[in-house]
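Trainee: This is model-v9.cif (mmCIF, C-alpha atoms).
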data_entry
loop_
_atom_site.group_PDB
_atom_site.id
_atom_site.type_symbol
_atom_site.label_atom_id
_atom_site.label_comp_id
_atom_site.auth_asym_id
_atom_site.auth_seq_id
_atom_site.Cartn_x
_atom_site.Cartn_y
_atom_site.Cartn_z
ATOM 1 C CA MET A 1 110.210 74.576 121.738
ATOM 2 C CA VAL A 2 109.916 75.004 117.987
ATOM 3 C CA THR A 3 111.283 72.208 115.816
ATOM 4 C CA VAL A 4 111.721 72.270 112.043
ATOM 5 C CA GLU A 5 113.526 70.079 109.556
ATOM 6 C CA PHE A 6 115.087 71.266 106.339
ATOM 7 C CA LYS A 7 117.926 70.351 104.038
ATOM 8 C CA THR A 8 120.671 72.798 103.184
ATOM 9 C CA ARG A 9 124.339 72.923 102.310
ATOM 10 C CA VAL A 10 127.139 73.920 104.650
ATOM 11 C CA LYS A 11 129.045 76.917 103.247
ATOM 12 C CA ASN A 12 132.354 77.787 104.936
ATOM 13 C CA GLY A 13 131.171 76.092 108.123
ATOM 14 C CA ALA A 14 127.884 78.015 108.239
ATOM 15 C CA ILE A 15 124.327 76.760 107.918
ATOM 16 C CA GLU A 16 121.757 79.278 106.712
ATOM 17 C CA ILE A 17 118.288 79.072 108.241
ATOM 18 C CA PRO A 18 115.626 79.304 105.517
ATOM 19 C CA THR A 19 113.760 82.609 105.477
ATOM 20 C CA GLN A 20 110.410 81.116 106.536
ATOM 21 C CA TYR A 21 111.955 79.834 109.825
ATOM 22 C CA ARG A 22 114.194 82.775 110.803
ATOM 23 C CA GLU A 23 111.544 84.500 112.921
ATOM 24 C CA ASN A 24 111.441 81.438 115.225
ATOM 25 C CA PHE A 25 115.218 81.184 115.716
ATOM 26 C CA LYS A 26 116.718 84.470 116.896
ATOM 27 C CA ASP A 27 118.617 83.587 120.075
ATOM 28 C CA ARG A 28 119.617 80.231 121.529
ATOM 29 C CA VAL A 29 119.094 77.024 119.528
ATOM 30 C CA ARG A 30 119.898 73.347 119.867
ATOM 31 C CA VAL A 31 121.595 71.922 116.788
ATOM 32 C CA ILE A 32 121.702 68.282 115.681
ATOM 33 C CA LEU A 33 123.558 67.603 112.442
ATOM 34 C CA VAL A 34 122.948 64.527 110.285
ATOM 35 C CA ALA A 35 125.072 64.122 107.166
ATOM 36 C CA ASP A 36 123.135 63.112 104.071
ATOM 37 C CA ASP A 37 125.369 60.642 102.288
ATOM 38 C CA GLY A 38 122.994 60.405 99.340
ATOM 39 C CA LYS A 39 122.316 56.713 99.929
ATOM 40 C CA THR A 40 118.825 55.497 100.611
ATOM 41 C CA ALA A 41 118.149 53.649 103.832
ATOM 42 C CA THR A 42 118.191 49.859 103.780
ATOM 43 C CA PRO A 43 114.610 48.700 103.296
ATOM 44 C CA THR A 44 113.058 46.946 106.283
ATOM 45 C CA LEU A 45 110.767 43.935 106.098
ATOM 46 C CA LEU A 46 107.751 46.265 106.297
ATOM 47 C CA ASP A 47 109.111 48.359 103.420
ATOM 48 C CA GLU A 48 109.451 45.198 101.346
ATOM 49 C CA LEU A 49 105.892 44.109 102.188
ATOM 50 C CA PHE A 50 104.514 47.501 101.146
ATOM 51 C CA ILE A 51 106.383 47.249 97.839
ATOM 52 C CA HIS A 52 105.572 43.564 97.287
ATOM 53 C CA PRO A 53 102.472 42.710 99.342
ATOM 54 C CA LEU A 54 101.581 39.082 99.976
ATOM 55 C CA ASN A 55 98.443 37.879 98.228
ATOM 56 C CA VAL A 56 96.512 35.545 100.532
ATOM 57 C CA LYS A 57 93.420 33.814 99.172
ATOM 58 C CA GLY A 58 90.298 34.777 101.143
ATOM 59 C CA PHE A 59 91.986 37.651 102.975
ATOM 60 C CA ARG A 60 89.659 40.463 104.028
ATOM 61 C CA PRO A 61 90.939 43.553 105.843
ATOM 62 C CA LEU A 62 89.243 44.407 109.123
ATOM 63 C CA THR A 63 86.600 47.108 109.041
ATOM 64 C CA ARG A 64 87.057 50.221 111.149
ATOM 65 C CA GLU A 65 84.513 48.889 113.614
ATOM 66 C CA GLU A 66 86.294 45.528 113.891
ATOM 67 C CA THR A 67 89.626 47.252 114.413
ATOM 68 C CA HIS A 68 88.309 49.333 117.311
ATOM 69 C CA ALA A 69 86.001 46.713 118.863
ATOM 70 C CA ARG A 70 86.738 45.885 122.500
ATOM 71 C CA LYS A 71 86.278 42.301 123.579
#
Could you quickly redo this structure as structure tokens?
Mentor:
Amino acid sequence: MVTVEFKTRVKNGAIEIPTQYRENFKDRVRVILVADDGKTATPTLLDELFIHPLNVKGFRPLTREETHARK
């Protein structure tokens, strides 16, 4: 199964497949439609932490080795 994602506009009830994907979609397809209302998603707690990270005195991120160490 080939899956692609693209944004387009509906024109008279039709959705045009972009040229670069047409070769993959010639016969039967499964269609899932999601309306883009133009609003951004509500930020989650993780989004907020990425935007405004907490500064903790003495914090040191784990090294790659520490992250993958088995105890």
Trainee: So how many Å separate CA of Arg9 in chain A and CA of Leu33 in chain A, to one decimal?
Mentor: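 Between these atoms lies a distance of 11.5 Å.
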Trainee: Figure out the distance between CA of Phe50 in chain A and CA of Leu62 in chain A, please, to one decimal in Å.
Mentor: 17.5 Å
Trainee: Just give me the gap between CA of Ala35 in chain A and CA of Thr3 in chain A in Å, one decimal is fine.
Mentor: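 Taking CA of Ala35 in chain A as the start and CA of Thr3 in chain A as the end point, the length is 18.2 Å.
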Trainee: What lies within 12 Å of Lys7 in chain A using all atoms listed in the file, ignoring chain neighbours under 3 positions off, as a PDB file with C-alpha atoms, in the frame of the given file?
Mentor:
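Output (result.pdb):
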ATOM      1  CA  VAL A   4     111.721  72.270 112.043  1.00  0.00           C
ATOM      2  CA  VAL A  10     127.139  73.920 104.650  1.00  0.00           C
ATOM      3  CA  ILE A  15     124.327  76.760 107.918  1.00  0.00           C
ATOM      4  CA  GLU A  16     121.757  79.278 106.712  1.00  0.00           C
ATOM      5  CA  ILE A  17     118.288  79.072 108.241  1.00  0.00           C
ATOM      6  CA  PRO A  18     115.626  79.304 105.517  1.00  0.00           C
ATOM      7  CA  LEU A  33     123.558  67.603 112.442  1.00  0.00           C
ATOM      8  CA  VAL A  34     122.948  64.527 110.285  1.00  0.00           C
ATOM      9  CA  ALA A  35     125.072  64.122 107.166  1.00  0.00           C
ATOM     10  CA  ASP A  36     123.135  63.112 104.071  1.00  0.00           C
TER      11      ASP A  36
END
Trainee: Just checking: using only C-alpha atoms, which residue out of A:Arg60, A:Leu49, A:Thr44, A:Glu5 ends up closest to Ile32 in chain A?
Mentor: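 Comparing A:Arg60, A:Leu49, A:Thr44, A:Glu5 against Ile32 in chain A, the winner is A:Glu5.
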